[in-house]
$ cat protein02.cif   # mmCIF, C-alpha atoms, pLDDT in the B column; chains and numbers go by the auth columns
data_model
#
loop_
_atom_site.group_PDB
_atom_site.id
_atom_site.type_symbol
_atom_site.label_atom_id
_atom_site.label_comp_id
_atom_site.label_asym_id
_atom_site.label_seq_id
_atom_site.Cartn_x
_atom_site.Cartn_y
_atom_site.Cartn_z
_atom_site.B_iso_or_equiv
_atom_site.auth_seq_id
_atom_site.auth_asym_id
ATOM 1 C CA PHE A 1 5.503 37.877 -5.517 59.00 26 A
ATOM 2 C CA CYS A 2 5.880 34.675 -3.535 65.00 27 A
ATOM 3 C CA THR A 3 2.512 34.705 -1.796 60.00 28 A
ATOM 4 C CA ARG A 4 0.195 31.733 -1.386 55.00 29 A
ATOM 5 C CA GLY A 5 -2.218 33.208 -3.916 53.00 30 A
ATOM 6 C CA ALA A 6 0.476 33.660 -6.533 55.00 31 A
ATOM 7 C CA LEU A 7 1.903 30.217 -5.907 56.00 32 A
ATOM 8 C CA GLY A 8 -1.494 28.600 -6.290 59.00 33 A
ATOM 9 C CA ALA A 9 -2.210 30.404 -9.557 59.00 34 A
ATOM 10 C CA PHE A 10 1.141 29.492 -11.073 62.00 35 A
ATOM 11 C CA ARG A 11 1.410 25.801 -10.139 60.00 36 A
ATOM 12 C CA LEU A 12 0.144 24.769 -13.559 60.00 37 A
ATOM 13 C CA ILE A 13 1.061 27.814 -15.648 64.00 38 A
ATOM 14 C CA ALA A 14 4.649 28.268 -14.532 73.00 39 A
ATOM 15 C CA PRO A 15 5.954 25.628 -12.116 74.00 40 A
ATOM 16 C CA SER A 16 9.408 27.188 -12.462 75.00 41 A
ATOM 17 C CA ARG A 17 8.180 30.247 -10.523 75.00 42 A
ATOM 18 C CA VAL A 18 6.699 28.039 -7.801 77.00 43 A
ATOM 19 C CA LEU A 19 9.966 26.139 -7.313 76.00 44 A
ATOM 20 C CA GLU A 20 11.934 29.401 -7.222 76.00 45 A
ATOM 21 C CA CYS A 21 9.637 30.754 -4.521 76.00 46 A
ATOM 22 C CA HIS A 22 9.921 27.575 -2.445 74.00 47 A
ATOM 23 C CA SER A 23 13.721 27.607 -2.636 78.00 48 A
ATOM 24 C CA HIS A 24 13.825 31.327 -1.818 74.00 49 A
ATOM 25 C CA GLU A 25 11.661 30.833 1.260 78.00 50 A
ATOM 26 C CA ALA A 26 13.859 27.893 2.318 80.00 51 A
ATOM 27 C CA GLY A 27 16.914 30.154 2.170 77.00 52 A
ATOM 28 C CA HIS A 28 18.861 28.377 -0.568 74.00 53 A
ATOM 29 C CA PHE A 29 17.725 30.149 -3.728 67.00 54 A
ATOM 30 C CA ARG A 30 20.042 29.854 -6.691 67.00 55 A
ATOM 31 C CA ARG A 31 19.153 30.880 -10.219 67.00 56 A
ATOM 32 C CA GLY A 32 19.480 28.081 -12.753 71.00 57 A
ATOM 33 C CA ALA A 33 18.244 27.513 -16.260 75.00 58 A
ATOM 34 C CA PRO A 34 14.460 28.001 -16.553 77.00 59 A
ATOM 35 C CA LEU A 35 12.320 24.893 -16.400 77.00 60 A
ATOM 36 C CA PHE A 36 10.494 23.987 -19.578 83.00 61 A
ATOM 37 C CA ASP A 37 6.972 25.342 -19.160 87.00 62 A
ATOM 38 C CA GLU A 38 4.795 27.852 -20.991 88.00 63 A
ATOM 39 C CA GLU A 39 7.010 30.757 -19.910 90.00 64 A
ATOM 40 C CA TYR A 40 10.071 29.250 -21.596 91.00 65 A
ATOM 41 C CA ALA A 41 9.335 31.117 -24.840 93.00 66 A
ATOM 42 C CA GLU A 42 9.142 34.385 -22.895 95.00 67 A
ATOM 43 C CA TRP A 43 12.494 33.628 -21.283 95.00 68 A
ATOM 44 C CA MET A 44 13.950 33.015 -24.744 96.00 69 A
ATOM 45 C CA ASP A 45 12.720 36.399 -25.992 98.00 70 A
ATOM 46 C CA VAL A 46 14.030 38.243 -22.935 97.00 71 A
ATOM 47 C CA LEU A 47 17.489 36.665 -23.085 97.00 72 A
ATOM 48 C CA GLU A 48 17.807 36.875 -26.869 98.00 73 A
ATOM 49 C CA VAL A 49 16.956 40.582 -27.081 98.00 74 A
ATOM 50 C CA ALA A 50 19.316 41.363 -24.184 98.00 75 A
ATOM 51 C CA ALA A 51 22.157 39.483 -25.876 98.00 76 A
ATOM 52 C CA GLU A 52 21.458 41.143 -29.230 98.00 77 A
ATOM 53 C CA ALA A 53 21.445 44.631 -27.694 98.00 78 A
ATOM 54 C CA ALA A 54 24.666 43.979 -25.782 98.00 79 A
ATOM 55 C CA LYS A 55 26.286 42.729 -28.986 97.00 80 A
ATOM 56 C CA ARG A 56 25.187 45.875 -30.855 97.00 81 A
ATOM 57 C CA GLY A 57 26.728 47.980 -28.110 96.00 82 A
ATOM 58 C CA ASP A 58 23.912 50.507 -27.973 92.00 83 A
ATOM 59 C CA SER A 59 20.863 51.203 -25.819 96.00 84 A
ATOM 60 C CA PHE A 60 18.318 48.665 -24.601 98.00 85 A
ATOM 61 C CA ALA A 61 14.567 49.235 -24.220 98.00 86 A
ATOM 62 C CA VAL A 62 11.827 46.889 -23.002 98.00 87 A
ATOM 63 C CA ALA A 63 8.137 47.658 -22.456 98.00 88 A
ATOM 64 C CA GLU A 64 5.930 45.307 -20.457 98.00 89 A
ATOM 65 C CA ILE A 65 2.231 45.931 -21.072 98.00 90 A
ATOM 66 C CA GLY A 66 0.214 44.247 -18.334 96.00 91 A
ATOM 67 C CA SER A 67 3.214 44.289 -16.059 95.00 92 A
ATOM 68 C CA GLY A 68 1.643 43.794 -12.648 92.00 93 A
ATOM 69 C CA PRO A 69 3.424 45.537 -9.767 93.00 94 A
ATOM 70 C CA TYR A 70 6.827 43.921 -10.380 92.00 95 A
ATOM 71 C CA ALA A 71 7.239 44.031 -14.185 96.00 96 A
ATOM 72 C CA ILE A 72 8.889 40.623 -13.969 93.00 97 A
ATOM 73 C CA TRP A 73 9.797 40.292 -17.651 97.00 98 A
ATOM 74 C CA ALA A 74 11.092 43.830 -18.055 98.00 99 A
ATOM 75 C CA SER A 75 13.113 43.340 -14.867 97.00 100 A
ATOM 76 C CA ARG A 76 14.540 40.021 -16.048 96.00 101 A
ATOM 77 C CA ALA A 77 15.475 41.604 -19.365 98.00 102 A
ATOM 78 C CA ALA A 78 17.218 44.483 -17.597 98.00 103 A
ATOM 79 C CA VAL A 79 19.227 42.137 -15.376 97.00 104 A
ATOM 80 C CA ALA A 80 20.332 40.097 -18.398 97.00 105 A
ATOM 81 C CA PHE A 81 21.341 43.241 -20.288 98.00 106 A
ATOM 82 C CA HIS A 82 23.230 44.590 -17.273 97.00 107 A
ATOM 83 C CA ARG A 83 25.269 41.389 -17.054 96.00 108 A
ATOM 84 C CA LEU A 84 26.036 41.243 -20.777 97.00 109 A
ATOM 85 C CA ALA A 85 26.449 44.885 -21.816 97.00 110 A
ATOM 86 C CA SER A 86 29.256 47.323 -21.274 95.00 111 A
ATOM 87 C CA THR A 87 29.134 49.417 -18.102 92.00 112 A
ATOM 88 C CA GLY A 88 26.771 52.327 -18.441 89.00 113 A
ATOM 89 C CA ALA A 89 25.072 51.191 -21.645 97.00 114 A
ATOM 90 C CA PRO A 90 21.678 52.950 -21.631 97.00 115 A
ATOM 91 C CA CYS A 91 18.684 50.939 -20.445 98.00 116 A
ATOM 92 C CA HIS A 92 15.025 51.987 -20.644 98.00 117 A
ATOM 93 C CA LEU A 93 12.049 50.183 -19.095 98.00 118 A
ATOM 94 C CA LEU A 94 8.329 50.882 -19.390 98.00 119 A
ATOM 95 C CA ALA A 95 5.800 49.163 -17.116 98.00 120 A
ATOM 96 C CA VAL A 96 2.095 49.584 -17.911 97.00 121 A
ATOM 97 C CA GLU A 97 -0.586 48.195 -15.615 95.00 122 A
ATOM 98 C CA GLU A 98 -4.129 49.480 -15.164 90.00 123 A
ATOM 99 C CA PHE A 99 -4.733 48.185 -11.601 82.00 124 A
ATOM 100 C CA VAL A 100 -6.482 50.942 -9.675 67.00 125 A
ATOM 101 C CA HIS A 101 -4.662 50.343 -6.387 79.00 126 A
ATOM 102 C CA LEU A 102 -1.262 49.501 -7.836 86.00 127 A
ATOM 103 C CA ASP A 103 1.752 50.606 -5.787 88.00 128 A
ATOM 104 C CA TRP A 104 4.766 51.242 -8.007 94.00 129 A
ATOM 105 C CA LYS A 105 6.991 51.210 -4.909 94.00 130 A
ATOM 106 C CA LEU A 106 6.977 47.418 -5.274 92.00 131 A
ATOM 107 C CA LEU A 107 8.624 47.772 -8.685 95.00 132 A
ATOM 108 C CA GLN A 108 11.186 50.201 -7.300 96.00 133 A
ATOM 109 C CA GLU A 109 12.050 47.783 -4.499 95.00 134 A
ATOM 110 C CA HIS A 110 12.213 44.856 -6.923 92.00 135 A
ATOM 111 C CA LEU A 111 14.640 46.682 -9.216 96.00 136 A
ATOM 112 C CA ALA A 112 16.722 47.921 -6.279 96.00 137 A
ATOM 113 C CA VAL A 113 17.309 44.318 -5.173 92.00 138 A
ATOM 114 C CA ASN A 114 18.319 43.144 -8.639 93.00 139 A
ATOM 115 C CA LEU A 115 20.136 46.098 -10.253 96.00 140 A
ATOM 116 C CA PRO A 116 22.509 48.892 -9.236 95.00 141 A
ATOM 117 C CA GLY A 117 20.661 52.067 -8.306 94.00 142 A
ATOM 118 C CA GLY A 118 19.627 54.105 -11.326 94.00 143 A
ATOM 119 C CA ARG A 119 20.850 51.464 -13.792 96.00 144 A
ATOM 120 C CA CYS A 120 17.766 51.861 -16.015 97.00 145 A
ATOM 121 C CA ASN A 121 15.478 54.746 -16.815 98.00 146 A
ATOM 122 C CA VAL A 122 12.077 53.529 -15.649 98.00 147 A
ATOM 123 C CA SER A 123 8.707 54.843 -16.821 98.00 148 A
ATOM 124 C CA THR A 124 5.356 53.646 -15.472 97.00 149 A
ATOM 125 C CA SER A 125 1.740 54.121 -16.470 96.00 150 A
ATOM 126 C CA GLN A 126 -1.597 53.015 -15.060 95.00 151 A
ATOM 127 C CA LYS A 127 -3.456 53.751 -18.277 93.00 152 A
ATOM 128 C CA SER A 128 -5.267 50.999 -20.147 92.00 153 A
ATOM 129 C CA ALA A 129 -3.264 50.519 -23.339 92.00 154 A
ATOM 130 C CA GLY A 130 -5.557 50.762 -26.342 85.00 155 A
ATOM 131 C CA GLN A 131 -8.371 52.379 -24.340 86.00 156 A
ATOM 132 C CA ASP A 132 -7.148 55.224 -22.111 88.00 157 A
ATOM 133 C CA ASP A 133 -4.216 55.802 -24.437 93.00 158 A
ATOM 134 C CA SER A 134 -2.803 54.160 -27.538 96.00 159 A
ATOM 135 C CA LEU A 135 0.089 51.794 -27.061 97.00 160 A
ATOM 136 C CA THR A 136 1.968 53.741 -29.735 97.00 161 A
ATOM 137 C CA HIS A 137 1.684 56.960 -27.712 97.00 162 A
ATOM 138 C CA LEU A 138 2.760 55.242 -24.497 97.00 163 A
ATOM 139 C CA LEU A 139 5.844 53.885 -26.269 98.00 164 A
ATOM 140 C CA ASP A 140 6.697 57.185 -27.955 98.00 165 A
ATOM 141 C CA THR A 141 6.502 59.202 -24.737 97.00 166 A
ATOM 142 C CA SER A 142 8.671 56.758 -22.770 97.00 167 A
ATOM 143 C CA LEU A 143 11.745 56.548 -25.002 97.00 168 A
ATOM 144 C CA PRO A 144 14.062 59.176 -26.535 96.00 169 A
ATOM 145 C CA GLN A 145 13.219 59.936 -30.142 94.00 170 A
ATOM 146 C CA GLY A 146 15.018 57.768 -32.686 94.00 171 A
ATOM 147 C CA LEU A 147 15.435 54.709 -30.469 97.00 172 A
ATOM 148 C CA LEU A 148 13.612 51.405 -30.968 98.00 173 A
ATOM 149 C CA TRP A 149 12.004 49.140 -28.392 98.00 174 A
ATOM 150 C CA ASP A 150 13.955 45.869 -28.306 98.00 175 A
ATOM 151 C CA LEU A 151 10.966 44.022 -26.866 98.00 176 A
ATOM 152 C CA VAL A 152 7.342 44.834 -26.201 98.00 177 A
ATOM 153 C CA ASP A 153 5.897 42.111 -23.987 98.00 178 A
ATOM 154 C CA MET A 154 2.096 42.187 -23.946 97.00 179 A
ATOM 155 C CA ASP A 155 -0.157 40.303 -21.504 96.00 180 A
ATOM 156 C CA ILE A 156 -3.430 42.237 -21.350 94.00 181 A
ATOM 157 C CA GLN A 157 -6.056 39.578 -20.729 89.00 182 A
ATOM 158 C CA GLY A 158 -7.906 39.514 -24.036 87.00 183 A
ATOM 159 C CA SER A 159 -7.335 43.086 -25.257 92.00 184 A
ATOM 160 C CA GLU A 160 -4.287 42.050 -27.286 96.00 185 A
ATOM 161 C CA LEU A 161 -6.261 41.624 -30.516 97.00 186 A
ATOM 162 C CA GLU A 162 -7.670 45.163 -30.351 96.00 187 A
ATOM 163 C CA ILE A 163 -4.173 46.635 -30.129 97.00 188 A
ATOM 164 C CA ILE A 164 -2.671 44.351 -32.768 97.00 189 A
ATOM 165 C CA SER A 165 -5.547 45.048 -35.165 97.00 190 A
ATOM 166 C CA SER A 166 -5.398 48.838 -34.801 97.00 191 A
ATOM 167 C CA GLU A 167 -1.751 49.637 -34.069 97.00 192 A
ATOM 168 C CA LEU A 168 0.402 47.005 -35.755 97.00 193 A
ATOM 169 C CA PRO A 169 1.518 49.249 -38.671 96.00 194 A
ATOM 170 C CA SER A 170 2.889 51.846 -36.236 97.00 195 A
ATOM 171 C CA LEU A 171 4.458 49.179 -34.024 97.00 196 A
ATOM 172 C CA THR A 172 6.325 47.801 -37.041 97.00 197 A
ATOM 173 C CA SER A 173 8.516 50.904 -37.177 97.00 198 A
ATOM 174 C CA ARG A 174 9.051 51.113 -33.414 98.00 199 A
ATOM 175 C CA VAL A 175 9.612 47.573 -32.142 98.00 200 A
ATOM 176 C CA ARG A 176 12.299 44.977 -32.810 98.00 201 A
ATOM 177 C CA ARG A 177 10.331 42.116 -31.261 98.00 202 A
ATOM 178 C CA LEU A 178 6.855 41.440 -29.893 98.00 203 A
ATOM 179 C CA HIS A 179 5.856 38.834 -27.351 98.00 204 A
ATOM 180 C CA VAL A 180 2.070 38.525 -27.159 98.00 205 A
ATOM 181 C CA SER A 181 0.225 36.388 -24.624 97.00 206 A
ATOM 182 C CA THR A 182 -3.143 35.329 -26.023 97.00 207 A
ATOM 183 C CA HIS A 183 -6.239 34.355 -24.086 95.00 208 A
ATOM 184 C CA SER A 184 -8.460 32.384 -26.455 96.00 209 A
ATOM 185 C CA ARG A 185 -7.856 30.277 -29.539 96.00 210 A
ATOM 186 C CA ALA A 186 -9.864 32.697 -31.701 97.00 211 A
ATOM 187 C CA ILE A 187 -7.720 35.625 -30.509 97.00 212 A
ATOM 188 C CA HIS A 188 -4.546 33.600 -31.008 98.00 213 A
ATOM 189 C CA ILE A 189 -5.398 32.807 -34.626 98.00 214 A
ATOM 190 C CA ALA A 190 -6.488 36.385 -35.355 98.00 215 A
ATOM 191 C CA VAL A 191 -3.285 37.850 -33.890 98.00 216 A
ATOM 192 C CA LEU A 192 -1.203 35.459 -36.013 98.00 217 A
ATOM 193 C CA ASP A 193 -3.194 36.423 -39.121 98.00 218 A
ATOM 194 C CA ASN A 194 -2.658 40.129 -38.463 98.00 219 A
ATOM 195 C CA LEU A 195 1.071 39.726 -37.878 98.00 220 A
ATOM 196 C CA ARG A 196 1.580 37.679 -41.030 98.00 221 A
ATOM 197 C CA ALA A 197 -0.526 40.057 -43.125 98.00 222 A
ATOM 198 C CA GLU A 198 1.689 42.937 -41.975 97.00 223 A
ATOM 199 C CA GLY A 199 4.834 41.003 -42.945 98.00 224 A
ATOM 200 C CA TRP A 200 6.009 39.979 -39.477 98.00 225 A
ATOM 201 C CA SER A 201 7.933 36.720 -39.039 98.00 226 A
ATOM 202 C CA ILE A 202 6.726 34.318 -36.345 98.00 227 A
ATOM 203 C CA LEU A 203 9.632 32.970 -34.310 97.00 228 A
ATOM 204 C CA ARG A 204 7.595 30.778 -31.966 96.00 229 A
ATOM 205 C CA GLU A 205 3.921 30.301 -31.203 96.00 230 A
ATOM 206 C CA PHE A 206 1.654 27.935 -29.337 95.00 231 A
ATOM 207 C CA PRO A 207 -2.066 28.264 -28.576 96.00 232 A
ATOM 208 C CA PRO A 208 -3.735 28.625 -25.180 95.00 233 A
ATOM 209 C CA LEU A 209 -5.467 25.871 -23.221 91.00 234 A
ATOM 210 C CA ALA A 210 -3.532 23.099 -24.903 93.00 235 A
ATOM 211 C CA VAL A 211 -0.908 20.410 -24.504 92.00 236 A
ATOM 212 C CA ASN A 212 1.786 21.604 -26.874 92.00 237 A
ATOM 213 C CA ARG A 213 4.985 20.045 -28.113 90.00 238 A
ATOM 214 C CA TRP A 214 8.236 21.602 -29.278 84.00 239 A
ATOM 215 C CA PRO A 215 10.871 19.568 -31.144 82.00 240 A
ATOM 216 C CA LEU A 216 13.840 18.713 -28.895 82.00 241 A
ATOM 217 C CA TYR A 217 12.018 19.916 -25.762 82.00 242 A
ATOM 218 C CA GLY A 218 8.911 17.768 -25.448 89.00 243 A
ATOM 219 C CA ARG A 219 5.370 18.361 -24.251 90.00 244 A
ATOM 220 C CA PHE A 220 4.106 21.058 -21.938 87.00 245 A
ATOM 221 C CA VAL A 221 0.768 22.485 -20.816 85.00 246 A
ATOM 222 C CA SER A 222 -0.123 26.050 -21.727 89.00 247 A
ATOM 223 C CA VAL A 223 -2.924 28.090 -20.176 89.00 248 A
ATOM 224 C CA ASP A 224 -2.125 31.285 -22.081 93.00 249 A
ATOM 225 C CA GLY A 225 -1.027 31.220 -25.695 96.00 250 A
ATOM 226 C CA HIS A 226 2.266 32.824 -26.665 97.00 251 A
ATOM 227 C CA ILE A 227 3.478 34.426 -29.883 98.00 252 A
ATOM 228 C CA SER A 228 7.003 35.737 -30.552 98.00 253 A
ATOM 229 C CA ALA A 229 7.362 37.821 -33.715 98.00 254 A
ATOM 230 C CA VAL A 230 9.759 40.212 -35.440 98.00 255 A
ATOM 231 C CA PRO A 231 9.000 42.753 -38.199 98.00 256 A
#

$ encode --input "protein02.cif" --output "structure tokens"
Amino acid sequence: FCTRGALGAFRLIAPSRVLECHSHEAGHFRRGAPLFDEEYAEWMDVLEVAAEAAKRGDSFAVAEIGSGPYAIWASRAAVAFHRLASTGAPCHLLAVEEFVHLDWKLLQEHLAVNLPGGRCNVSTSQKSAGQDDSLTHLLDTSLPQGLLWDLVDMDIQGSELEIISSELPSLTSRVRRLHVSTHSRAIHIAVLDNLRAEGWSILREFPPLAVNRWPLYGRFVSVDGHISAVP
């Protein structure tokens, strides 16, 4: 991940990733608390669902839609769950990314560095969620029947509204928490309206392309919008 292109793209969006890459390349990387930037809300969702699953003492399942080759958020969630849960507690990951030339070996290598071999059951798909296949079908075919997805993290570059508008009723019975990255203010507002109309509770939200402020934390710049919601 720590390439010049990635570092340049994330200097404003997620300076925490840039600093981590610099320290890793300098040979003194040490994981600390995340910096307060637009990804902080995503960190909160990942760590909260991992802690909740470990406390329940049952299986853990995270789907990352728009995962890129590394499925960073699903991987971070799996590492947190592994550290908090009892040995051998079931873990399921789904990574969906429609890149034509995507090499899933990068994900395998990434997980091998961060988790014991075979710690999680990993499913991958290069279908376009909502177009090549419904998100509901992708979720249903990647998890044993009767289990719920603890987190579905969605970053699909503007297609989020199409999925939320058409599939939210079915997601309500399958997902414990949604994290949706939004890519315009109109989409952000429409996604919020759909979630509230379906009875979902909004845990946190801030719009894209804005200087936002959270009580106790302060101001931060967001390029993408972010919405955390539970049914």

$ closest_residue --input "protein02.cif" --among "A:Cys46, A:Ile227, A:His53, A:Thr161" --to "Ser191 of chain A" --atoms "all atoms listed in the file"
A:Thr161

$ closest_residue --input "protein02.cif" --among "A:Glu45, A:Glu230, A:Asp175, A:Glu192" --to "Ala79 of chain A" --atoms "all atoms listed in the file"
A:Asp175

$ resolve_selection --input "protein02.cif" --expression "the PyMOL selection byres ((chain A and resi 172) around 9)" --output "list in words"
Ser84, Phe85, Ala86, Leu168, Pro169, Gln170, Gly171, Leu173, Trp174 and Arg199 of chain A

$ atom_distance --input "protein02.cif" --atom1 "atom CA of Glu63 of chain A" --atom2 "atom CA of Ile252 of chain A"
11.1 Å

$ closest_residue --input "protein02.cif" --among "A:Val147, A:Leu186, A:Ala75, A:Ala254" --to "Phe106 of chain A" --atoms "all atoms listed in the file"
A:Ala75

$ residues_around --input "protein02.cif" --residues "Asn139 of chain A" --least-positions-apart "5" --cutoff "10 Å" --atoms "only C-alpha atoms" --output "list in words"
Ser100, Arg101, Ala103, Val104 and Glu134 of chain A

$ resolve_selection --input "protein02.cif" --expression "the PyMOL selection byres ((chain A and resi 145) around 10)" --output "list in words"
Phe85, Ala86, Ser100, Ala103, Val104, His107, Gly113, Ala114, Pro115, Cys116, His117, Leu118, Leu136, Leu140, Pro141, Gly142, Gly143, Arg144, Asn146, Val147 and Ser148 of chain A

$ write_last_selection --input "protein02.cif" --atoms "C-alpha atoms" --output "PDB file, in the frame of the given file"
ATOM      1  CA  PHE A  85      18.318  48.665 -24.601  1.00 98.00           C
ATOM      2  CA  ALA A  86      14.567  49.235 -24.220  1.00 98.00           C
ATOM      3  CA  SER A 100      13.113  43.340 -14.867  1.00 97.00           C
ATOM      4  CA  ALA A 103      17.218  44.483 -17.597  1.00 98.00           C
ATOM      5  CA  VAL A 104      19.227  42.137 -15.376  1.00 97.00           C
ATOM      6  CA  HIS A 107      23.230  44.590 -17.273  1.00 97.00           C
ATOM      7  CA  GLY A 113      26.771  52.327 -18.441  1.00 89.00           C
ATOM      8  CA  ALA A 114      25.072  51.191 -21.645  1.00 97.00           C
ATOM      9  CA  PRO A 115      21.678  52.950 -21.631  1.00 97.00           C
ATOM     10  CA  CYS A 116      18.684  50.939 -20.445  1.00 98.00           C
ATOM     11  CA  HIS A 117      15.025  51.987 -20.644  1.00 98.00           C
ATOM     12  CA  LEU A 118      12.049  50.183 -19.095  1.00 98.00           C
ATOM     13  CA  LEU A 136      14.640  46.682  -9.216  1.00 96.00           C
ATOM     14  CA  LEU A 140      20.136  46.098 -10.253  1.00 96.00           C
ATOM     15  CA  PRO A 141      22.509  48.892  -9.236  1.00 95.00           C
ATOM     16  CA  GLY A 142      20.661  52.067  -8.306  1.00 94.00           C
ATOM     17  CA  GLY A 143      19.627  54.105 -11.326  1.00 94.00           C
ATOM     18  CA  ARG A 144      20.850  51.464 -13.792  1.00 96.00           C
ATOM     19  CA  ASN A 146      15.478  54.746 -16.815  1.00 98.00           C
ATOM     20  CA  VAL A 147      12.077  53.529 -15.649  1.00 98.00           C
ATOM     21  CA  SER A 148       8.707  54.843 -16.821  1.00 98.00           C
TER      22      SER A 148
END

$ atom_distance --input "protein02.cif" --atom1 "atom CA of His208 of chain A" --atom2 "atom CA of Leu234 of chain A"
8.6 Å

$ residues_around --input "protein02.cif" --residues "Gln156 of chain A" --least-positions-apart "4" --cutoff "12 Å" --atoms "all atoms listed in the file" --output "list of chain:residue names"
A:Glu123, A:Gln151, A:Lys152, A:Leu160, A:Thr161, A:His162, A:Leu163, A:Ile181, A:Ser184, A:Glu185, A:Glu187, A:Ile188, A:Ser191

$ atom_distance --input "protein02.cif" --atom1 "atom CA of Asn237 of chain A" --atom2 "atom CA of Arg42 of chain A"
19.6 Å

$ residues_around --input "protein02.cif" --residues "segment 223-226 of chain A" --least-positions-apart "4" --cutoff "8 Å" --atoms "all atoms listed in the file" --output "PyMOL selection string"
chain A and resi 193-194+219+254-256

$ write_last_selection --input "protein02.cif" --atoms "C-alpha atoms" --output "mmCIF file, in the frame of the given file"
data_model
loop_
_atom_site.group_PDB
_atom_site.id
_atom_site.type_symbol
_atom_site.label_atom_id
_atom_site.label_comp_id
_atom_site.auth_asym_id
_atom_site.auth_seq_id
_atom_site.Cartn_x
_atom_site.Cartn_y
_atom_site.Cartn_z
ATOM 1 C CA LEU A 193 0.402 47.005 -35.755
ATOM 2 C CA PRO A 194 1.518 49.249 -38.671
ATOM 3 C CA ASN A 219 -2.658 40.129 -38.463
ATOM 4 C CA ALA A 254 7.362 37.821 -33.715
ATOM 5 C CA VAL A 255 9.759 40.212 -35.440
ATOM 6 C CA PRO A 256 9.000 42.753 -38.199
#
